[in-house]
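Trainee: Pasting protein-v3.cif here (mmCIF, C-alpha atoms):
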data_entry
loop_
_atom_site.label_atom_id
_atom_site.label_comp_id
_atom_site.auth_asym_id
_atom_site.auth_seq_id
_atom_site.Cartn_x
_atom_site.Cartn_y
_atom_site.Cartn_z
CA MET A 140 -29.28 -3.27 -39.43
CA ILE A 141 -27.94 -0.37 -37.42
CA GLY A 142 -27.39 2.94 -39.17
CA ILE A 143 -27.58 6.71 -38.82
CA LYS A 144 -30.98 8.04 -37.81
CA ALA A 145 -30.11 11.66 -37.04
CA ILE A 146 -27.11 13.94 -36.47
CA ALA A 147 -26.88 17.18 -34.48
CA ALA A 148 -23.96 19.58 -34.56
CA TYR A 149 -22.97 21.97 -31.81
CA LEU A 150 -20.68 24.95 -32.32
CA PRO A 151 -19.84 27.17 -29.35
CA GLN A 152 -20.76 30.86 -29.63
CA GLY A 153 -17.24 32.35 -29.49
CA ARG A 154 -15.40 33.31 -32.68
CA VAL A 155 -11.84 34.38 -33.45
CA SER A 156 -11.37 36.14 -36.79
CA ASN A 157 -8.37 35.26 -38.92
CA PHE A 158 -8.73 38.60 -40.72
CA GLU A 159 -7.87 40.35 -37.47
CA ARG A 160 -4.58 38.41 -37.34
CA LYS A 161 -3.37 39.26 -40.85
CA ASP A 162 -0.65 41.65 -39.67
CA LYS A 163 0.54 39.43 -36.85
CA PHE A 164 1.11 36.50 -39.21
CA ALA A 165 1.85 38.46 -42.42
CA ILE A 166 -0.99 36.80 -44.35
CA THR A 167 -3.38 38.14 -46.97
CA ASP A 168 -7.13 37.99 -47.53
CA GLU A 169 -6.45 35.64 -50.43
CA PHE A 170 -4.43 33.29 -48.20
CA ILE A 171 -7.31 33.20 -45.70
CA GLU A 172 -10.09 32.75 -48.25
CA GLU A 173 -8.46 30.68 -50.97
CA ARG A 174 -5.69 28.73 -49.27
CA ILE A 175 -6.49 27.81 -45.65
CA GLY A 176 -10.15 28.68 -46.29
CA VAL A 177 -10.87 29.50 -42.65
CA ARG A 178 -12.24 32.99 -42.01
CA GLN A 179 -12.94 32.48 -38.33
CA LEU A 180 -12.66 29.82 -35.67
CA ALA A 181 -15.35 28.64 -33.26
CA VAL A 182 -14.02 28.83 -29.70
CA CYS A 183 -15.39 27.50 -26.42
CA ALA A 184 -16.36 29.97 -23.73
CA PRO A 185 -14.13 30.08 -20.62
CA GLY A 186 -15.00 27.02 -18.56
CA GLU A 187 -16.80 25.32 -21.45
CA GLY A 188 -14.87 22.06 -21.69
CA THR A 189 -15.12 18.78 -23.53
CA THR A 190 -17.91 17.36 -21.40
CA ALA A 191 -19.91 20.59 -21.74
CA LEU A 192 -19.51 20.51 -25.53
CA ALA A 193 -20.55 16.86 -25.62
CA LEU A 194 -23.55 17.60 -23.42
CA SER A 195 -24.69 20.45 -25.69
CA ALA A 196 -24.39 18.22 -28.76
CA PHE A 197 -26.33 15.41 -27.08
CA ARG A 198 -29.10 17.80 -26.01
CA ALA A 199 -29.34 19.24 -29.53
CA LEU A 200 -29.73 15.71 -30.88
CA ALA A 201 -32.32 14.74 -28.25
CA GLU A 202 -34.39 17.81 -29.12
CA ALA A 203 -34.09 17.40 -32.89
CA ALA A 204 -34.75 13.65 -32.93
CA GLY A 205 -37.23 13.45 -30.03
CA LEU A 206 -34.82 11.13 -28.23
CA GLU A 207 -35.62 10.16 -24.64
CA ALA A 208 -32.49 9.79 -22.53
CA GLY A 209 -33.82 6.57 -21.05
CA ALA A 210 -33.88 4.92 -24.47
CA VAL A 211 -30.11 5.15 -24.97
CA GLN A 212 -28.42 1.77 -24.61
CA ALA A 213 -24.91 2.77 -25.72
CA LEU A 214 -22.99 6.05 -25.46
CA ILE A 215 -19.65 6.36 -27.20
CA VAL A 216 -17.51 9.51 -27.08
CA VAL A 217 -14.62 10.25 -29.44
CA THR A 218 -12.06 12.67 -27.97
CA GLN A 219 -8.35 13.10 -27.32
CA ASN A 220 -8.76 16.12 -25.09
CA PRO A 221 -10.95 15.14 -22.13
CA ASP A 222 -11.33 17.68 -19.31
CA ARG A 223 -9.38 15.24 -17.13
CA ASN A 224 -7.84 11.81 -17.69
CA MET A 225 -10.28 9.96 -15.45
CA PRO A 226 -13.12 9.10 -15.56
CA HIS A 227 -13.95 8.66 -19.24
CA VAL A 228 -16.05 11.46 -20.75
CA SER A 229 -18.89 9.08 -21.63
CA ALA A 230 -19.30 8.19 -17.94
CA GLU A 231 -19.46 11.86 -16.95
CA LEU A 232 -21.93 12.50 -19.73
CA HIS A 233 -23.97 9.49 -18.60
CA GLY A 234 -24.22 11.00 -15.14
CA ARG A 235 -25.12 14.50 -16.34
CA LEU A 236 -27.83 13.11 -18.63
CA GLY A 237 -29.22 10.58 -16.18
CA LEU A 238 -28.98 7.68 -18.61
CA ARG A 239 -30.03 4.19 -17.53
CA GLU A 240 -27.52 2.14 -15.52
CA SER A 241 -27.45 -0.60 -18.15
CA CYS A 242 -26.23 1.85 -20.84
CA ALA A 243 -22.82 0.85 -22.22
CA CYS A 244 -20.38 3.78 -22.10
CA PHE A 245 -16.87 4.06 -23.47
CA ASP A 246 -14.53 6.56 -25.10
CA ILE A 247 -12.46 6.18 -28.23
CA SER A 248 -9.14 8.02 -28.52
CA LEU A 249 -8.78 9.05 -32.15
CA GLY A 250 -8.44 12.38 -33.94
CA CYS A 251 -9.60 13.30 -37.44
CA SER A 252 -10.32 9.68 -38.45
CA GLY A 253 -12.30 9.14 -35.23
CA TYR A 254 -15.87 9.61 -36.43
CA VAL A 255 -15.63 7.07 -39.24
CA TYR A 256 -13.71 4.57 -37.09
CA ALA A 257 -16.23 5.00 -34.27
CA LEU A 258 -19.16 4.57 -36.63
CA SER A 259 -17.84 1.13 -37.50
CA VAL A 260 -17.14 0.26 -33.86
CA ALA A 261 -20.53 1.52 -32.66
CA CYS A 262 -22.57 -0.24 -35.35
CA ALA A 263 -20.70 -3.53 -34.85
CA PHE A 264 -20.96 -3.26 -31.05
CA MET A 265 -24.68 -2.59 -31.19
CA GLU A 266 -25.28 -5.44 -33.64
CA ALA A 267 -23.20 -7.86 -31.57
CA ASN A 268 -25.09 -7.01 -28.41
CA ALA A 269 -28.59 -6.57 -29.90
CA LEU A 270 -28.82 -2.92 -28.84
CA ASP A 271 -31.47 -0.78 -30.51
CA ALA A 272 -30.44 2.81 -29.78
CA GLY A 273 -26.98 4.32 -29.34
CA VAL A 274 -25.45 7.78 -29.46
CA LEU A 275 -22.00 8.54 -30.90
CA VAL A 276 -20.60 11.85 -29.66
CA THR A 277 -17.53 13.71 -30.94
CA ALA A 278 -15.96 16.54 -28.93
CA ASP A 279 -12.33 17.56 -29.14
CA PRO A 280 -11.77 21.27 -28.38
CA TYR A 281 -8.29 22.10 -29.64
CA SER A 282 -8.36 25.72 -28.44
CA ARG A 283 -6.92 24.55 -25.13
CA ILE A 284 -3.84 23.01 -26.79
CA LEU A 285 -3.19 25.63 -29.49
CA ASP A 286 -0.11 27.85 -29.29
CA PRO A 287 -1.44 31.33 -30.21
CA GLN A 288 1.95 32.16 -31.78
CA ASP A 289 2.03 29.08 -34.05
CA LYS A 290 0.73 30.15 -37.46
CA SER A 291 0.60 26.56 -38.74
CA THR A 292 -2.08 25.55 -36.22
CA CYS A 293 -3.75 28.53 -34.56
CA LEU A 294 -5.36 29.75 -37.81
CA LEU A 295 -6.89 26.36 -38.56
CA PHE A 296 -8.38 24.55 -35.59
CA GLY A 297 -11.78 25.38 -34.12
CA ASP A 298 -13.96 23.91 -31.38
CA GLY A 299 -17.08 21.90 -32.09
CA ALA A 300 -19.03 18.78 -31.21
CA SER A 301 -21.60 16.42 -32.66
CA ALA A 302 -24.02 13.70 -31.63
CA THR A 303 -25.26 10.94 -33.93
CA LEU A 304 -28.25 8.73 -33.18
CA LEU A 305 -27.78 5.13 -34.32
CA ASP A 306 -30.80 2.84 -34.46
CA ARG A 307 -32.57 0.13 -36.43
CA GLN A 308 -34.78 2.46 -38.50
CA PRO A 309 -32.00 4.59 -39.97
CA LEU A 310 -31.88 7.13 -42.77
CA PHE A 311 -28.40 5.99 -43.86
CA ARG A 312 -26.55 2.73 -43.45
CA PRO A 313 -22.77 2.36 -43.70
CA GLY A 314 -21.23 -0.09 -46.15
CA ARG A 315 -17.76 -1.61 -45.90
CA PHE A 316 -15.04 0.42 -44.22
CA THR A 317 -11.34 0.96 -44.83
CA PHE A 318 -8.78 1.68 -42.11
CA GLY A 319 -5.11 2.56 -42.12
CA THR A 320 -2.24 4.00 -40.11
CA ILE A 321 1.29 5.24 -40.89
CA GLY A 322 2.48 5.13 -37.29
CA LYS A 323 6.10 5.95 -38.13
CA ASP A 324 4.98 9.45 -39.16
CA ALA A 325 2.55 10.03 -36.27
CA GLU A 326 5.02 12.33 -34.50
CA HIS A 327 4.40 14.98 -37.17
CA LEU A 328 1.00 15.81 -35.61
CA ALA A 329 1.22 15.52 -31.85
CA CYS A 330 0.57 17.24 -28.55
CA ASN A 331 3.84 17.71 -26.66
CA ALA A 332 3.97 19.36 -23.24
CA GLY A 333 0.38 20.46 -23.62
CA LYS A 334 0.81 22.18 -27.00
CA LEU A 335 -0.15 21.02 -30.47
CA HIS A 336 2.75 20.63 -32.92
CA MET A 337 2.12 20.07 -36.61
CA ASN A 338 4.56 19.54 -39.47
CA GLY A 339 2.35 21.05 -42.14
CA ARG A 340 4.28 19.62 -45.08
CA ALA A 341 4.21 16.09 -43.66
CA VAL A 342 0.47 16.30 -42.99
CA PHE A 343 -0.18 17.72 -46.45
CA ASN A 344 1.90 14.99 -48.12
CA PHE A 345 0.09 12.31 -46.12
CA ALA A 346 -3.37 13.60 -47.05
CA ALA A 347 -2.52 14.24 -50.72
CA LYS A 348 -0.90 10.82 -51.21
CA TYR A 349 -3.02 8.47 -49.15
CA VAL A 350 -6.57 9.85 -49.18
CA PRO A 351 -7.11 9.60 -52.97
CA LEU A 352 -5.83 6.01 -52.84
CA ASP A 353 -8.15 5.22 -49.95
CA VAL A 354 -11.14 6.78 -51.68
CA ALA A 355 -10.49 4.47 -54.64
CA GLU A 356 -10.16 1.52 -52.25
CA VAL A 357 -13.40 2.19 -50.38
CA LEU A 358 -15.26 2.66 -53.67
CA ALA A 359 -13.96 -0.71 -54.87
CA ARG A 360 -14.86 -2.43 -51.59
CA ASN A 361 -18.40 -1.15 -51.94
CA ASP A 362 -18.59 -2.00 -55.64
CA LEU A 363 -19.14 1.63 -56.59
CA ARG A 364 -17.61 4.21 -58.91
CA ALA A 365 -16.91 7.86 -58.11
CA GLN A 366 -19.85 8.91 -60.28
CA ASP A 367 -22.19 6.85 -58.05
CA ILE A 368 -21.41 9.13 -55.09
CA ASP A 369 -23.67 12.17 -54.61
CA SER A 370 -21.53 13.84 -51.98
CA PHE A 371 -17.98 13.33 -50.71
CA VAL A 372 -17.76 14.40 -47.06
CA LEU A 373 -14.07 14.47 -46.24
CA HIS A 374 -12.37 15.63 -43.07
CA GLN A 375 -12.21 19.41 -43.30
CA GLY A 376 -8.49 19.84 -42.64
CA SER A 377 -8.11 23.01 -44.68
CA ARG A 378 -9.32 24.31 -48.01
CA ASN A 379 -5.91 23.60 -49.54
CA ILE A 380 -6.10 19.93 -48.58
CA ILE A 381 -9.67 19.56 -49.84
CA ASP A 382 -8.81 21.35 -53.13
CA THR A 383 -5.73 19.16 -53.60
CA ILE A 384 -7.64 15.93 -53.01
CA ARG A 385 -10.47 17.09 -55.27
CA ALA A 386 -8.00 17.85 -58.09
CA ARG A 387 -6.27 14.48 -57.67
CA LEU A 388 -9.61 12.65 -57.76
CA ARG A 389 -10.83 14.85 -60.63
CA LEU A 390 -14.12 15.49 -58.81
CA PRO A 391 -16.47 18.41 -59.54
CA ALA A 392 -16.42 21.20 -56.96
CA GLU A 393 -20.06 20.69 -55.99
CA LYS A 394 -19.43 17.07 -54.93
CA LEU A 395 -16.48 17.74 -52.61
CA ARG A 396 -16.77 20.98 -50.70
CA PHE A 397 -14.85 22.80 -48.00
CA ALA A 398 -17.54 23.85 -45.55
CA ALA A 399 -15.60 24.87 -42.43
CA ALA A 400 -14.86 28.51 -43.37
CA ASP A 401 -16.81 29.92 -40.44
CA TYR A 402 -15.73 27.57 -37.67
CA GLY A 403 -12.45 25.84 -38.65
CA ASN A 404 -11.06 22.33 -38.49
CA THR A 405 -12.99 20.65 -35.67
CA VAL A 406 -10.99 17.39 -35.85
CA CYS A 407 -13.26 14.36 -35.20
CA SER A 408 -16.37 16.57 -35.42
CA SER A 409 -15.68 17.93 -38.91
CA ILE A 410 -17.39 15.07 -40.75
CA PRO A 411 -20.56 14.80 -38.63
CA ILE A 412 -20.99 18.61 -38.56
CA MET A 413 -21.07 18.56 -42.37
CA LEU A 414 -23.08 15.34 -42.52
CA ALA A 415 -25.80 16.85 -40.35
CA ASP A 416 -26.66 19.09 -43.33
CA GLU A 417 -25.96 16.57 -46.07
CA ILE A 418 -28.36 13.90 -44.77
CA ARG A 419 -31.20 16.46 -44.85
CA ARG A 420 -30.78 16.98 -48.60
CA PRO A 421 -33.27 14.62 -50.27
CA GLU A 422 -31.24 14.52 -53.50
CA VAL A 423 -28.29 13.00 -51.64
CA GLY A 424 -28.58 9.22 -51.64
CA THR A 425 -24.99 8.02 -51.42
CA ILE A 426 -22.27 9.71 -49.38
CA LEU A 427 -18.60 8.81 -49.16
CA VAL A 428 -17.07 9.81 -45.81
CA SER A 429 -13.33 9.83 -45.15
CA GLY A 430 -11.48 10.90 -42.00
CA PHE A 431 -7.68 11.30 -41.88
CA GLY A 432 -5.14 13.03 -39.69
CA VAL A 433 -3.83 12.50 -36.13
CA GLY A 434 -1.76 9.30 -35.92
CA PHE A 435 -1.48 9.48 -39.70
CA SER A 436 -4.60 7.38 -39.40
CA TRP A 437 -7.51 7.15 -41.80
CA SER A 438 -10.88 5.49 -42.21
CA SER A 439 -13.53 5.71 -44.90
CA THR A 440 -16.92 4.23 -45.75
CA VAL A 441 -19.95 4.80 -47.94
CA LEU A 442 -23.32 5.75 -46.46
CA LYS A 443 -26.43 4.75 -48.42
CA ARG A 444 -29.86 6.26 -47.90
CA VAL A 445 -32.41 3.65 -46.90
CA ALA A 446 -35.32 5.90 -45.90
CA MET B 11 17.34 11.16 -66.58
CA PRO B 12 18.03 14.75 -65.48
CA ILE B 13 15.19 17.20 -64.96
CA GLY B 14 14.96 20.74 -66.27
CA ARG B 15 13.07 23.93 -65.43
CA GLU B 16 10.16 22.73 -67.60
CA ASP B 17 9.58 19.90 -65.09
CA VAL B 18 9.22 22.42 -62.27
CA LEU B 19 6.93 24.59 -64.37
CA SER B 20 4.74 21.61 -65.18
CA ALA B 21 4.54 20.74 -61.45
CA ILE B 22 3.39 24.31 -60.78
CA ARG B 23 0.77 24.02 -63.53
CA GLU B 24 -0.37 20.59 -62.28
CA SER B 25 -0.77 22.06 -58.81
CA GLU B 26 -2.97 24.82 -60.29
CA LEU B 27 -0.95 27.52 -58.53
CA LEU B 28 -0.46 30.07 -61.33
CA ASP B 29 -2.34 30.75 -64.55
CA ASP B 30 0.82 31.82 -66.38
CA VAL B 31 4.24 30.38 -65.54
CA SER B 32 6.08 31.82 -68.54
CA GLY B 33 7.50 34.79 -66.63
CA LEU B 34 8.92 32.88 -63.69
CA ARG B 35 12.61 33.44 -62.99
CA ASP B 36 14.95 30.62 -62.03
CA ASP B 37 16.96 32.56 -59.47
CA VAL B 38 14.18 34.26 -57.48
CA LYS B 39 12.31 32.56 -54.65
CA LEU B 40 9.01 31.13 -55.85
CA THR B 41 7.39 32.60 -52.73
CA GLU B 42 8.33 36.02 -54.16
CA GLN B 43 6.75 35.14 -57.52
CA GLY B 44 3.18 34.36 -56.40
CA ILE B 45 3.48 30.88 -54.90
CA ASP B 46 2.88 30.66 -51.16
CA SER B 47 4.27 28.18 -48.64
CA LEU B 48 1.33 25.78 -49.13
CA GLY B 49 1.92 25.89 -52.88
CA MET B 50 5.55 24.94 -52.33
CA PHE B 51 4.37 21.80 -50.49
CA SER B 52 2.40 20.85 -53.56
CA VAL B 53 5.18 21.54 -56.10
CA LEU B 54 7.70 19.46 -54.13
CA LEU B 55 5.18 16.63 -53.65
CA VAL B 56 4.39 16.46 -57.38
CA LEU B 57 8.09 16.34 -58.28
CA SER B 58 8.81 13.87 -55.47
CA GLU B 59 6.11 11.48 -56.73
CA ARG B 60 7.08 11.95 -60.37
CA HIS B 61 10.72 11.04 -59.78
CA GLY B 62 10.34 8.64 -56.85
CA ILE B 63 12.42 10.73 -54.44
CA GLU B 64 11.52 11.46 -50.80
CA ILE B 65 12.53 14.99 -49.78
CA PRO B 66 13.47 15.28 -46.09
CA ASP B 67 12.36 18.42 -44.23
CA GLN B 68 15.95 19.62 -43.83
CA ASP B 69 16.35 19.58 -47.63
CA ALA B 70 12.92 21.01 -48.45
CA GLY B 71 13.68 24.21 -46.55
CA ALA B 72 16.54 24.98 -48.93
CA LEU B 73 14.51 24.49 -52.12
CA ALA B 74 13.18 27.98 -52.76
CA THR B 75 13.94 28.70 -56.42
CA ILE B 76 13.46 26.82 -59.68
CA GLY B 77 17.24 26.64 -60.03
CA GLN B 78 17.68 25.14 -56.56
CA ILE B 79 14.95 22.57 -57.18
CA VAL B 80 16.42 21.50 -60.54
CA ALA B 81 19.93 21.22 -59.07
CA TYR B 82 18.68 19.23 -56.05
CA PHE B 83 16.76 16.70 -58.12
CA ASN B 84 19.58 16.25 -60.57
CA GLN B 85 22.00 15.61 -57.72
CA ARG B 86 19.63 13.06 -56.14
CA LEU B 87 18.91 11.39 -59.48
CA ARG B 88 22.60 10.83 -60.31
#
Go through the file and emit its structure as structure tokens.
Mentor:
Amino acid sequence: MIGIKAIAAYLPQGRVSNFERKDKFAITDEFIEERIGVRQLAVCAPGEGTTALALSAFRALAEAAGLEAGAVQALIVVTQNPDRNMPHVSAELHGRLGLRESCACFDISLGCSGYVYALSVACAFMEANALDAGVLVTADPYSRILDPQDKSTCLLFGDGASATLLDRQPLFRPGRFTFGTIGKDAEHLACNAGKLHMNGRAVFNFAAKYVPLDVAEVLARNDLRAQDIDSFVLHQGSRNIIDTIRARLRLPAEKLRFAAADYGNTVCSSIPIMLADEIRRPEVGTILVSGFGVGFSWSSTVLKRVA
Amino acid sequence: MPIGREDVLSAIRESELLDDVSGLRDDVKLTEQGIDSLGMFSVLLVLSERHGIEIPDQDAGALATIGQIVAYFNQRLR
């Protein structure tokens, strides 16, 4: 069965400090540390776009996992902010990396739920087509769509990317997945005229109401209880959202952490960036992952260590 | 059944926003008594779920004090 063999994260070098914007937005140290939880944001360098981020993440994975480009049979990119509308980012990446012509390449347009959704799509696609090695890339730099005057977004979102190697000798295998969408509310988190608009209360209500229910659902579908999970890796929307979900699920702090304080909410990359560390911890055998956000969309699954 | 200030205080406690709610005043904005804008999201969500009432954005903006919240819910619950 196909599963996760290795994950590499890539964060660009640039940083923007939220502490340096305290006066501009009339916020306090406590608000930064305890409420949004984001001290600084990772930001792409000028000219460093989506394809460049994806390329850096792929190269980090290839180096860490000893992956030969010629072995890749499927390349899937999750993004909603490509450098241009055509061609798809995976095709550009294919060309830059010199992958084999028979490599399947496609993009998936999803936001914060994208990694978990794409994990299901990629594993099923590889199984259906008897492919042995695939790479799932996430890269969605929001810095290009942020309004620097909009306090509700510009203090939260950072740039980042990830690459996940999927093969038949994995470290972790996914179980059953859940999916969902509240499309009637999708307008509350949208890019209009090139700028991100977020109704913070609507997004908070969505996450606080639906994610705990979905966590219970995915546990039931996998015949598990919360105490069977070693680590909950949830989309890192903000510290407030993670703290609220943790309180509603009555989970201990060490099992559900906010880890994005030094780079921000990296949308579809937030889960794999955190997972890259979690899968290296030998004491972690079962991980629940849950992505939720753009489109008022969500997806969750449980990853079990098999090696 | 009408709600009272104790319901709002218990929503604040449930949201883990303040250690001590005993000194809160009914006629002063909660954002001026130690609860920030994100905390207000949580208080209104807890009360909304507890009483089965959706609070539209245009109404939420006017719910700043304990007194305003109590009056709003009691009007909607009539």
Trainee: Take the PyMOL selection byres ((chain B) within 12 of (chain A)), apply it to the structure above, and return the hits as a list in words.
Mentor: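 Matching residues under the PyMOL selection byres ((chain B) within 12 of (chain A)) are Glu24, Ser25, Glu26, Leu27, Gly44, Ile45, Asp46, Ser47, Leu48, Gly49, Met50, Phe51, Ser52, Val53, Leu54, Leu55, Val56, Leu57, Ser58, Glu59, Glu64, Ile65, Pro66, Asp67, Gln68, Ala70 and Gly71 of chain B.
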Trainee: Can you work out the spacing between atom CA of A:Ala261 and atom CA of A:Ser438 in Å, to one decimal?
Mentor: 14.1 Å
Trainee: So which residues get picked by the PyMOL selection byres ((chain B and resi 79) around 10) here, written as a VMD selection string?
Mentor: chain B and resid 13 to 15 17 to 18 36 53 to 54 57 70 72 to 78 80 to 85
Trainee: Please, what distance in Å, to one decimal, runs between atom CA of A:Asp286 and atom CA of A:Leu328?
Mentor: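 Computing the Euclidean distance for atom CA of A:Asp286 and atom CA of A:Leu328 yields 13.6 Å.
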Trainee: What does the distance between atom CA of B:Pro12 and atom CA of B:Arg35 come to in Å, to one decimal place?
Mentor: 19.6 Å
